[in-house]
Structures are given as structure tokens and as C-alpha cells.
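To start, the structure under review is shown below, and the notes come after it.
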Amino acid sequence: MQPALAAVVGAGAVLAATTQGPISAVVLIMELTGRDRSFVAPLLLAVVIATLVSRMIEPRSIYDARLTDEQIEQRQRLREPPSR
């Protein structure tokens, strides 16, 4: 694998792991590179592994990292549909 291609795959893996958004990371990397799609299989593999490892270490994304457990529970309650 070429060094530049390895850097792109690594960047996609880091993005997916920190944001906990693997699909967004793959789409963003594919759109930003504009290359032939020969790196999609290694990118998908790296993104899946990075996301799984990241979720095992810390279930929160970088966006939720500053929130307390109470604030996260409150947000989850707001997302739930009201019971009848």
C-alpha cells in the first residue's frame, strides 16, 4: 500500500473512532479524496475495527465527552416518544 493511501485510510479510521460515526467517516473520506475507489475495502475494514475498539474503550463520542452521565440520560429521555 502506498504511504499516501495508508494515511487516508488511517485518517478515516481516526475520524470514525472519535466521532463514533463510521458511515459518515467513510462517505467524507471518499468525497474528499476524489480518487479511484481502490481503497474502499481497506478503508471499510479500518473504520469498522477502529469504531469497535473505540466503543469498547469509551461508548461516548467526542461530541458527548464533555457531558455528564446525568446530561446524557436527560438527552436520551427527550429523544424517547411520550408514553400514552
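Ligands are numbered from 1 in the order shown, residues from 1 within each chain, and chains are lettered A, B, ... in the order they appear in the C-alpha cells.
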
> Where does DSSP see alpha helix (DSSP H) in chain A, if you list the residues as a PyMOL selection string?
Replying inline: chain A and resi 3-19+22-33+40-57+69-79

>> So that I can check the surroundings of Phe39 (chain A), please list as a ChimeraX atom specification every protein, DNA and RNA residue that reaches within 12 Å of it, counting only C-alpha atoms and ignoring chain neighbours fewer than 6 positions away.
In response: /A:1-2,4-10,12,26,29-30,33,45-46

Give me the residues near Thr51 (chain A) as a PDB file with N, CA, C and O atoms, in the first residue's frame, where near means some atom within 8 Å (using only C-alpha atoms) and where sequence neighbours in that chain fewer than 4 positions away do not count.
```pdb
ATOM      1  N   ALA A  13     -10.066   6.079   9.749  1.00  0.00           N
ATOM      2  CA  ALA A  13     -10.238   5.266  10.961  1.00  0.00           C
ATOM      3  C   ALA A  13     -10.274   6.149  12.202  1.00  0.00           C
ATOM      4  O   ALA A  13     -11.111   5.949  13.088  1.00  0.00           O
ATOM      5  N   ALA A  16     -13.616   8.041  12.276  1.00  0.00           N
ATOM      6  CA  ALA A  16     -14.722   7.155  12.658  1.00  0.00           C
ATOM      7  C   ALA A  16     -14.686   6.820  14.141  1.00  0.00           C
ATOM      8  O   ALA A  16     -15.724   6.778  14.807  1.00  0.00           O
ATOM      9  N   ALA A  17     -13.502   6.602  14.678  1.00  0.00           N
ATOM     10  CA  ALA A  17     -13.379   6.232  16.086  1.00  0.00           C
ATOM     11  C   ALA A  17     -13.726   7.391  17.010  1.00  0.00           C
ATOM     12  O   ALA A  17     -14.383   7.204  18.026  1.00  0.00           O
ATOM     13  N   GLN A  20     -17.547   8.358  16.438  1.00  0.00           N
ATOM     14  CA  GLN A  20     -18.464   7.215  16.520  1.00  0.00           C
ATOM     15  C   GLN A  20     -19.456   7.248  15.350  1.00  0.00           C
ATOM     16  O   GLN A  20     -20.609   6.854  15.492  1.00  0.00           O
ATOM     17  N   GLY A  21     -18.981   7.722  14.218  1.00  0.00           N
ATOM     18  CA  GLY A  21     -19.810   7.808  13.026  1.00  0.00           C
ATOM     19  C   GLY A  21     -19.116   7.146  11.851  1.00  0.00           C
ATOM     20  O   GLY A  21     -18.548   7.839  10.995  1.00  0.00           O
ATOM     21  N   PRO A  22     -19.134   5.815  11.780  1.00  0.00           N
ATOM     22  CA  PRO A  22     -18.378   5.140  10.725  1.00  0.00           C
ATOM     23  C   PRO A  22     -18.881   5.418   9.316  1.00  0.00           C
ATOM     24  O   PRO A  22     -18.074   5.604   8.402  1.00  0.00           O
ATOM     25  N   VAL A  47     -12.133   1.315   9.389  1.00  0.00           N
ATOM     26  CA  VAL A  47     -13.191   2.065  10.066  1.00  0.00           C
ATOM     27  C   VAL A  47     -13.974   1.166  11.017  1.00  0.00           C
ATOM     28  O   VAL A  47     -14.271   1.555  12.150  1.00  0.00           O
ATOM     29  N   ARG A  55     -15.573   1.992  20.766  1.00  0.00           N
ATOM     30  CA  ARG A  55     -16.788   1.788  21.562  1.00  0.00           C
ATOM     31  C   ARG A  55     -16.566   0.870  22.749  1.00  0.00           C
ATOM     32  O   ARG A  55     -17.255   0.979  23.755  1.00  0.00           O
TER      33      ARG A  55
END
```

> What's the 12 Å shell around Pro59 (chain A), counting only C-alpha atoms, without same-chain residues fewer than 3 positions away, as a count of residues only?
Replying inline: 17
